[in-house]
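Data block for data_14.cif (mmCIF, C-alpha atoms):
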```
data_data
loop_
_atom_site.label_atom_id
_atom_site.label_comp_id
_atom_site.auth_asym_id
_atom_site.auth_seq_id
_atom_site.Cartn_x
_atom_site.Cartn_y
_atom_site.Cartn_z
CA MET E 123 96.96 56.22 104.38
CA SER E 124 97.28 59.02 101.83
CA ALA E 125 99.69 60.67 104.22
CA GLN E 126 101.78 57.51 104.59
CA ARG E 127 105.42 58.38 103.85
CA ASN E 128 107.54 55.75 105.59
CA SER E 129 107.67 51.97 105.51
CA VAL E 130 105.11 50.14 107.64
CA ALA E 131 105.20 46.74 109.27
CA ASN E 132 102.25 45.21 107.40
CA ASP E 133 100.40 45.70 104.16
CA LEU E 134 97.48 48.09 104.48
CA VAL E 135 94.07 48.41 102.84
CA LEU E 136 91.96 51.57 103.16
CA LEU E 137 88.29 50.90 102.44
CA GLN E 138 85.91 53.38 100.86
CA ASP E 139 84.14 53.87 104.22
CA GLY E 140 87.43 55.16 105.71
CA SER E 141 88.31 52.07 107.77
CA ARG E 142 91.86 50.73 107.61
CA ILE E 143 92.91 47.10 107.98
CA GLU E 144 96.31 45.42 108.17
CA VAL E 145 96.54 42.52 105.73
CA ASP E 146 98.82 40.23 103.76
CA LEU E 147 98.37 41.33 100.15
CA LYS E 148 98.76 38.78 97.36
CA LYS E 149 100.86 39.85 94.40
CA ASN E 150 99.23 39.17 91.06
CA THR E 151 99.97 40.53 87.59
CA PRO E 152 99.80 44.33 87.24
CA MET E 153 96.60 44.07 85.20
CA GLU E 154 94.93 41.78 87.78
CA MET E 155 95.88 44.13 90.61
CA GLY E 156 94.39 46.99 88.63
CA ARG E 157 90.96 45.33 88.67
CA ALA E 158 90.87 43.72 92.13
CA ILE E 159 93.09 42.76 95.06
CA SER E 160 93.31 39.53 97.01
CA PHE E 161 94.42 39.61 100.63
CA ARG E 162 94.30 37.79 103.93
CA ARG E 163 93.54 39.60 107.17
CA LEU E 164 96.21 39.02 109.80
CA SER E 165 93.62 37.62 112.17
CA ASP E 166 92.09 35.26 109.61
CA GLU E 167 93.28 32.62 107.12
CA LYS E 168 90.48 33.35 104.68
CA VAL E 169 91.47 35.05 101.42
CA GLU E 170 89.23 37.96 100.40
CA LYS E 171 88.97 39.70 97.07
CA LEU E 172 87.79 43.29 96.64
CA GLY E 173 87.64 45.74 93.75
CA PRO E 174 88.10 49.52 93.49
CA GLY E 175 84.44 50.04 94.29
CA ALA E 176 85.11 48.91 97.87
CA VAL E 177 88.79 49.83 98.34
CA ARG E 178 90.14 53.38 98.23
CA GLU E 179 93.86 52.55 98.49
CA TYR E 180 96.23 49.74 99.35
CA LEU E 181 99.90 49.71 100.29
CA PHE E 182 102.63 47.07 100.07
CA ALA E 183 104.75 47.36 103.21
CA LYS E 184 108.07 46.00 101.91
CA SER E 185 108.24 48.06 98.73
CA ASN E 186 106.15 51.02 99.98
CA ARG E 187 104.25 50.96 96.67
CA ARG E 188 100.78 52.43 96.89
CA PHE E 189 97.76 51.98 94.63
CA ARG E 190 94.64 54.16 94.53
CA ALA E 191 91.18 53.69 93.03
CA VAL E 192 90.67 56.14 90.16
CA ASP E 193 88.05 56.77 87.51
CA VAL E 194 89.56 56.63 84.04
CA GLU E 195 88.29 56.56 80.46
CA ILE E 196 89.31 53.33 78.71
CA PRO E 197 88.12 51.78 75.43
CA ASP E 198 85.61 48.98 76.04
CA PRO E 199 86.44 45.96 73.82
CA GLY E 200 82.90 44.67 74.27
CA GLN E 201 81.44 47.88 72.82
CA ASN E 202 83.55 48.10 69.64
CA GLY E 203 86.22 50.10 71.40
CA GLU E 204 83.83 52.79 72.63
CA VAL E 205 85.51 54.84 75.37
CA ARG E 206 83.76 54.66 78.73
CA MET E 207 84.50 55.64 82.29
CA THR E 208 85.63 52.78 84.50
CA ARG E 209 87.21 52.44 87.92
CA ARG E 210 90.66 50.92 88.29
CA PHE E 211 93.50 50.74 90.76
CA GLY E 212 96.46 52.86 89.66
CA GLU E 213 99.94 53.04 91.17
CA VAL E 214 100.63 56.36 92.89
CA LEU E 215 104.01 57.51 91.57
CA ILE E 216 103.74 61.06 92.96
CA ASP E 217 101.42 62.21 95.72
CA GLY E 218 100.68 65.58 97.28
CA THR E 219 99.66 68.86 95.66
CA VAL E 220 100.58 67.22 92.35
CA GLN E 221 99.64 63.58 91.75
CA LEU E 222 100.85 61.18 89.09
CA ILE E 223 99.05 57.83 88.89
CA ARG E 224 99.89 55.04 86.48
CA VAL E 225 97.04 52.79 85.26
CA ASN E 226 97.93 49.52 83.51
CA LEU E 227 95.90 48.46 80.47
CA ALA E 228 94.97 45.08 79.05
CA GLY E 229 96.08 44.05 75.57
CA ASN E 230 92.74 44.95 73.99
CA GLU E 231 92.57 48.37 75.67
CA TYR E 232 95.38 50.03 73.72
CA ASN E 233 96.77 49.78 70.21
CA SER E 234 99.25 46.96 70.71
CA LYS E 235 99.83 46.74 66.94
CA ALA E 236 101.53 50.15 66.89
CA LEU E 237 105.31 50.01 67.24
CA GLY E 238 106.45 51.65 70.46
CA MET E 239 103.07 51.63 72.17
CA GLU E 240 102.97 50.96 75.91
CA SER E 241 100.34 49.10 77.95
CA TYR E 242 99.59 51.86 80.44
CA LEU E 243 98.50 55.48 80.80
CA TYR E 244 98.93 58.16 83.45
CA LEU E 245 96.61 60.51 85.30
CA LEU E 246 98.19 63.86 86.17
CA ARG E 247 96.32 65.84 88.82
CA GLN E 248 96.58 69.18 90.55
CA GLY E 249 93.56 70.62 92.31
CA GLU E 250 90.63 70.55 89.89
CA ILE E 251 92.87 69.79 86.92
CA GLU E 252 93.16 66.20 85.71
CA LEU E 253 95.04 65.37 82.52
CA PRO E 254 95.22 61.83 81.11
CA LEU E 255 98.64 61.21 79.58
CA GLU E 256 98.54 58.48 76.96
CA LEU E 257 100.28 57.53 73.74
CA THR E 258 98.39 57.81 70.48
CA SER E 259 99.28 56.03 67.25
CA ILE E 260 100.19 57.42 63.84
CA LEU E 261 100.43 55.70 60.45
CA ILE E 262 103.82 56.13 58.78
CA TYR E 263 104.60 54.30 55.55
CA GLU E 264 101.67 51.95 56.14
CA ARG E 265 102.93 50.97 59.61
CA LEU E 266 101.51 52.09 62.95
CA HIS E 267 103.88 53.86 65.31
CA ALA E 268 103.50 55.44 68.73
CA ASN E 269 103.10 59.22 68.55
CA PRO E 270 104.34 61.00 71.71
CA SER E 271 103.32 64.51 70.58
CA ARG E 272 99.93 64.61 72.30
CA PHE E 273 101.13 63.46 75.72
CA ARG E 274 104.10 65.86 75.52
CA ASN E 275 101.77 68.75 74.65
CA LYS E 276 99.67 68.06 77.74
CA LEU E 277 102.77 67.77 79.90
CA LYS E 278 104.13 71.02 78.47
CA PHE E 279 100.82 72.75 79.21
CA PHE E 280 100.93 71.57 82.81
CA VAL E 281 104.47 72.88 83.45
CA ARG E 282 104.31 75.83 81.02
CA ASP E 283 105.31 78.46 83.65
CA CYS E 284 108.55 76.62 84.62
CA PRO E 285 111.20 76.89 81.86
CA ALA E 286 113.41 74.10 83.23
CA ALA E 287 110.50 71.63 83.43
CA LEU E 288 109.19 72.76 80.04
CA TYR E 289 112.58 72.00 78.49
CA LEU E 290 112.46 68.43 79.86
CA ALA E 291 108.80 67.96 78.86
CA ARG E 292 109.57 68.66 75.20
CA ARG E 293 111.91 65.66 75.15
CA ALA E 294 110.23 63.34 77.65
CA ASP E 295 109.65 59.72 76.75
CA PHE E 296 106.51 57.90 77.82
CA ASN E 297 107.86 56.24 80.96
CA ASP E 298 107.79 56.68 84.73
CA GLY E 299 111.27 58.16 85.09
CA ASP E 300 111.00 60.86 82.42
CA ILE E 301 107.57 62.11 83.51
CA MET E 302 108.50 62.02 87.21
CA ARG E 303 111.67 63.96 86.40
CA VAL E 304 109.63 66.70 84.71
CA LEU E 305 107.28 66.98 87.69
CA ASP E 306 110.11 66.86 90.22
CA THR E 307 111.75 69.79 88.41
CA TYR E 308 108.39 71.59 88.30
CA SER E 309 107.85 71.13 92.04
CA ARG E 310 111.24 72.64 92.87
CA CYS E 311 110.63 75.49 90.42
CA LYS E 312 107.25 76.31 92.03
CA ASN E 313 108.42 75.59 95.63
CA ILE E 314 105.98 72.71 96.10
CA ASP E 315 107.44 70.90 99.09
CA ASP E 316 104.73 68.38 99.99
CA LEU E 317 105.33 65.87 97.18
CA SER E 318 105.98 62.23 98.02
CA MET E 319 107.80 60.12 95.42
CA ASP E 320 110.46 57.47 95.12
CA ARG E 321 113.26 59.45 93.48
CA ASN E 322 115.18 56.23 92.87
CA ARG E 323 112.72 55.61 90.06
CA ILE E 324 113.82 58.83 88.39
CA GLY E 325 117.40 57.66 88.29
CA GLY E 326 120.38 59.47 86.87
CA ILE E 327 119.37 59.24 83.23
CA VAL E 328 121.34 61.26 80.73
CA SER E 329 120.26 62.75 77.42
CA PHE E 330 122.44 63.08 74.33
CA ASP E 331 122.78 66.02 71.93
CA HIS E 332 124.55 65.37 68.63
CA PHE E 333 126.22 68.03 66.47
CA GLY E 334 128.03 68.21 63.18
CA ARG E 335 130.61 70.99 63.29
CA ILE E 336 133.34 72.84 61.44
CA GLY E 337 136.18 74.84 62.89
CA ASN E 338 139.19 77.04 62.26
CA LEU E 339 142.46 76.45 64.13
CA ASN E 340 145.09 79.12 64.68
CA ILE E 341 148.46 77.88 65.97
CA ARG E 342 149.74 80.67 68.21
CA ASP E 343 153.41 79.63 68.45
CA MET E 344 156.14 81.74 66.83
CA ASN E 345 157.47 78.73 64.84
CA TYR E 346 154.38 78.85 62.60
CA ASP E 347 153.94 81.44 59.89
CA GLU E 348 150.95 83.78 60.19
CA ARG E 349 149.81 82.72 56.70
CA GLN E 350 148.81 79.32 58.04
CA LEU E 351 145.53 77.74 56.94
CA SER E 352 143.96 75.23 59.27
CA PHE E 353 140.40 73.90 59.40
CA SER E 354 138.48 70.99 60.92
CA ALA E 355 135.24 69.11 60.35
CA GLY E 356 133.75 66.49 62.60
CA TYR E 357 131.16 65.18 64.99
CA GLN E 358 130.41 66.02 68.60
CA VAL E 359 128.10 64.45 71.17
CA GLU E 360 127.23 65.84 74.58
CA ALA E 361 125.86 63.66 77.38
CA ARG E 362 123.92 65.74 79.88
CA PHE E 363 122.34 64.77 83.16
CA THR E 364 118.58 65.32 83.27
CA ASN E 365 118.13 65.45 87.04
CA ARG E 366 119.56 67.90 89.57
CA LEU E 367 122.99 67.77 87.92
CA ARG E 368 121.51 68.95 84.63
CA ARG E 369 124.00 71.86 84.42
CA LEU E 370 126.84 69.36 84.02
CA GLY E 371 127.72 67.73 80.73
CA MET E 372 130.35 65.47 79.17
CA ILE E 373 131.48 66.33 75.64
CA PHE E 374 133.13 63.92 73.18
CA SER E 375 134.28 64.94 69.71
CA LEU E 376 136.20 63.54 66.76
CA ASP E 377 137.44 65.82 63.96
CA TYR E 378 139.44 65.68 60.77
CA VAL E 379 142.02 68.50 60.87
CA TYR E 380 144.07 69.88 58.00
CA HIS E 381 147.08 72.17 58.61
CA SER E 382 148.89 74.20 55.98
CA PHE E 383 151.68 76.51 57.19
CA ARG E 384 155.29 77.58 56.77
CA TRP E 385 157.61 76.15 59.42
CA GLU E 386 160.15 78.72 60.71
CA GLU E 387 160.09 80.49 57.34
CA THR E 388 161.93 77.56 55.71
CA SER E 389 159.54 74.67 54.95
CA ASN E 390 155.99 74.54 53.57
CA ILE E 391 154.02 71.93 55.45
CA GLY E 392 150.69 70.31 54.63
CA GLN E 393 149.33 67.84 57.15
CA SER E 394 146.19 65.78 57.86
CA MET E 395 145.32 64.79 61.42
CA LEU E 396 142.67 63.15 63.54
CA LYS E 397 141.73 65.03 66.66
CA GLY E 398 139.81 63.67 69.63
CA ASN E 399 138.61 65.65 72.63
CA PHE E 400 136.99 64.88 75.95
CA SER E 401 135.74 67.74 78.12
CA ILE E 402 133.59 68.37 81.16
CA GLY E 403 131.17 71.28 80.81
CA TYR E 404 129.20 73.43 83.24
CA SER E 405 126.32 75.68 82.16
CA PRO E 406 125.85 78.76 84.38
CA VAL E 407 123.12 79.84 81.93
CA LEU E 408 120.71 77.12 80.84
CA THR E 409 117.28 77.52 79.24
CA GLU E 410 115.38 75.55 76.66
CA ASP E 411 116.66 77.54 73.66
CA PHE E 412 119.81 79.21 74.99
CA SER E 413 122.77 78.14 77.09
CA VAL E 414 126.27 79.29 77.95
CA GLN E 415 128.75 76.59 78.92
CA VAL E 416 132.35 76.66 80.15
CA THR E 417 134.46 73.58 79.41
CA GLY E 418 137.74 72.00 80.39
CA GLY E 419 139.35 68.83 79.08
CA LEU E 420 142.03 67.14 77.01
CA SER E 421 142.67 67.04 73.24
CA ASN E 422 144.65 64.43 71.33
CA TYR E 423 146.16 64.97 67.87
CA ASN E 424 147.47 62.24 65.60
CA ALA E 425 148.96 62.99 62.18
CA PHE E 426 148.29 60.28 59.57
CA SER E 427 149.57 62.19 56.51
CA SER E 428 152.26 64.85 56.21
CA SER E 429 154.37 66.46 53.47
CA PHE E 430 157.28 66.57 55.91
CA ASN E 431 158.62 63.22 57.08
CA SER E 432 158.32 62.53 60.80
CA PHE E 433 156.68 65.89 61.44
CA PHE E 434 154.16 65.39 64.27
CA SER E 435 154.44 61.65 63.63
CA ASN E 436 153.47 60.75 67.20
CA ASN E 437 150.37 61.36 69.24
CA TYR E 438 150.44 64.43 71.41
CA PHE E 439 148.06 65.92 73.96
CA LEU E 440 147.02 69.46 74.87
CA LEU E 441 144.93 70.74 77.76
CA SER E 442 141.83 72.58 76.56
CA SER E 443 139.45 75.14 78.05
CA GLY E 444 136.69 77.01 76.35
CA LEU E 445 133.31 78.67 76.12
CA ARG E 446 130.34 77.34 74.16
CA VAL E 447 127.10 79.17 73.34
CA ARG E 448 124.02 77.31 72.10
CA LYS E 449 121.08 79.09 70.49
CA GLY E 450 118.33 76.75 69.35
CA SER E 451 119.98 74.14 67.12
CA TYR E 452 123.12 76.22 66.56
CA LEU E 453 126.31 75.87 68.58
CA PHE E 454 129.26 78.28 68.66
CA GLY E 455 132.51 77.54 70.46
CA LEU E 456 135.78 79.22 71.36
CA SER E 457 138.53 77.19 73.02
CA TYR E 458 142.21 77.49 73.80
CA GLU E 459 144.52 74.48 73.89
CA HIS E 460 147.88 74.47 75.65
CA MET E 461 150.69 71.96 76.04
CA PRO E 462 152.74 72.31 79.24
CA ASN E 463 156.48 71.66 78.71
CA GLN E 464 156.01 72.05 74.98
CA ILE E 465 158.17 70.09 72.54
CA LYS E 466 159.48 72.48 69.89
CA ARG E 467 158.22 70.56 66.87
CA GLN E 468 154.70 70.29 68.24
CA PRO E 469 152.27 73.21 68.67
CA GLY E 470 151.79 74.18 72.28
CA ASN E 471 149.08 76.83 71.89
CA ILE E 472 146.08 76.56 69.58
CA LEU E 473 143.05 78.84 69.34
CA LEU E 474 139.98 77.02 67.97
CA VAL E 475 136.80 78.70 66.73
CA SER E 476 133.94 76.34 65.80
CA ALA E 477 130.33 76.34 64.68
CA GLY E 478 127.93 73.42 64.76
CA TYR E 479 124.36 72.39 64.04
CA GLN E 480 122.35 69.88 66.05
CA ILE E 481 121.60 66.56 64.38
CA LYS E 482 118.21 65.07 65.30
CA PHE E 483 117.99 61.29 65.64
#
```

Take the structure in the file and write it out as C-alpha cells.
Amino acid sequence: MSAQRNSVANDLVLLQDGSRIEVDLKKNTPMEMGRAISFRRLSDEKVEKLGPGAVREYLFAKSNRRFRAVDVEIPDPGQNGEVRMTRRFGEVLIDGTVQLIRVNLAGNEYNSKALGMESYLYLLRQGEIELPLELTSILIYERLHANPSRFRNKLKFFVRDCPAALYLARRADFNDGDIMRVLDTYSRCKNIDDLSMDRNRIGGIVSFDHFGRIGNLNIRDMNYDERQLSFSAGYQVEARFTNRLRRLGMIFSLDYVYHSFRWEETSNIGQSMLKGNFSIGYSPVLTEDFSVQVTGGLSNYNAFSSSFNSFFSNNYFLLSSGLRVRKGSYLFGLSYEHMPNQIKRQPGNILLVSAGYQIKF
C-alpha cells in the first residue's frame, strides 16, 4: 500500500505481517485515530479495533488520505512530562524518497499555554535521516509564545543545498502547506521524481514583503525647467507567489510627492500630490538575498495642494515600466512613466529613482 497513488474502491488496512484487507474505516477524532483505528471488514458486521502495534498503514478510499505507524518521542504526562518513545499513527503528507508525516498530539503532550502553539508535530525522513519538526515555546514579557526558530533551522539544514527551498524554509510557518511547499521545491531542485503528495494542500499561498521608500522624480518634458526639485516618500508592499509561480509578483505602493519647478520659464510652481501605483513584476534572477525584477503597471497622480490654481487639479494616469534590484533588506528601483496622448499641462514622461528598506512585521 506504500506504493498506492490513485483512489481505490474501498478503505484499506495493511497489517504488520504484510497482509492487506479491505475494510470500512470509522472516522474518529484525529487524536483517536492516532492511537487506534476502528473498522469493519467488508465480509463481516463486527467492528474491530487495532493499534499501531498491529497495523502498518491504513488508507481512506474517498479522500486518499494515508496514515502510517511511526515511532516518535512524545512527553509522557504520567511521568512528569518525561519524553519517551511511543508508537502512533501519523498522516503521510509526502511519500517517496522524502517523507513528511504529521503526528497529532493530545492537549497534555504539548505546551498549549503558549500562544501560537499547535497540537501536532512532523517527522521528516530521507534515507537514514529522520528529523522531528516541532514548535518550541519562548517566554516574552512573562507570556509564553511559540518559537519557530528551531523547526526552521532543521528544515533549513535538510534543504541547505537548494537555494530556492532554503529561501522558503527561512520564512516557513508551522503548517502543512508551508512545509510541503519547501519540500516540493527541494524535490524539483534535486530532481527527485518519485514523491507522492496532494499538491492541493500546498495551495497558491502568497507572501508579502513590505518596504518604506524614498524617491526622486525627474519630469522629462520640455515645459518643465531643469532646476526642478521633486521627491517622494511612501510605502510599498509586494505580494509574491510561493509555489511554482514564485518569480511573479504584484506590487502596490502609495507615496507623497512634492514638485517644485518653473513652468515654461514663467511661473514658479510648488505642488503636493498623492501617487498610487500597481505593477506586475517578473524576476529573471531570484535568490534568497538577491533578485532582479522587471515591472510594468499603471501610476495615478492626484494633486491636493498647489501654488497655481487648477494646475494638475484632476487625477491623471501614466503607464510605468521599470527595473528593481533587491539586495538583502535593501531595494533599489528605476522606472519610467509615460502618458500616451499627453495633455500639455500634465507631465507625460517621468523618470523615477527610488530606494527602500524592508519593514519586518

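Picture a line from atom CA of E:Arg272 to atom CA of E:Tyr232; it runs 15.3 Å.
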
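One distance worth recording is that between atom CA of E:Gly356 and atom CA of E:Arg335, which is 5.5 Å.
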
Could you list the residues chosen by the PyMOL selection byres ((chain E and resi 333) around 9) in this structure as a count of residues only? 17

Residues matched by the PyMOL selection byres ((chain E and resi 254) around 8) as a list in words: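 Those residues are Leu243, Tyr244, Leu245, Leu246, Glu252, Leu253, Leu255 and Glu256 of chain E.
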
Env of E:Gly173: 10 Å cut, atoms = all atoms listed in the file, seq-sep filter 2 positions within chain, self excluded. Answer as a VMD selection string. chain E and resid 155 to 160 171 175 to 178 191 209 to 211

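Among the candidate residues E:Gln248, E:Thr219, E:Asn132, E:Ser394, the one lying nearest to E:Ser428 is E:Ser394, with distances computed using all atoms listed in the file.
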
Taking the file as I've supplied it (selection: the PyMOL selection byres ((chain E and resi 220) around 12)), which residues are included? Please answer as a PyMOL selection string. chain E and resi 214-219+221-223+245-253+280-281+302+304-306+308-310+312-319

May I have the residues from that selection written out with C-alpha atoms, as a tab-separated table (two decimals), in the frame of the given file?
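New file out.tsv:
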```tsv
chain	number	residue	atom	x	y	z
E	214	VAL	CA	100.63	56.36	92.89
E	215	LEU	CA	104.01	57.51	91.57
E	216	ILE	CA	103.74	61.06	92.96
E	217	ASP	CA	101.42	62.21	95.72
E	218	GLY	CA	100.68	65.58	97.28
E	219	THR	CA	99.66	68.86	95.66
E	221	GLN	CA	99.64	63.58	91.75
E	222	LEU	CA	100.85	61.18	89.09
E	223	ILE	CA	99.05	57.83	88.89
E	245	LEU	CA	96.61	60.51	85.30
E	246	LEU	CA	98.19	63.86	86.17
E	247	ARG	CA	96.32	65.84	88.82
E	248	GLN	CA	96.58	69.18	90.55
E	249	GLY	CA	93.56	70.62	92.31
E	250	GLU	CA	90.63	70.55	89.89
E	251	ILE	CA	92.87	69.79	86.92
E	252	GLU	CA	93.16	66.20	85.71
E	253	LEU	CA	95.04	65.37	82.52
E	280	PHE	CA	100.93	71.57	82.81
E	281	VAL	CA	104.47	72.88	83.45
E	302	MET	CA	108.50	62.02	87.21
E	304	VAL	CA	109.63	66.70	84.71
E	305	LEU	CA	107.28	66.98	87.69
E	306	ASP	CA	110.11	66.86	90.22
E	308	TYR	CA	108.39	71.59	88.30
E	309	SER	CA	107.85	71.13	92.04
E	310	ARG	CA	111.24	72.64	92.87
E	312	LYS	CA	107.25	76.31	92.03
E	313	ASN	CA	108.42	75.59	95.63
E	314	ILE	CA	105.98	72.71	96.10
E	315	ASP	CA	107.44	70.90	99.09
E	316	ASP	CA	104.73	68.38	99.99
E	317	LEU	CA	105.33	65.87	97.18
E	318	SER	CA	105.98	62.23	98.02
E	319	MET	CA	107.80	60.12	95.42
```
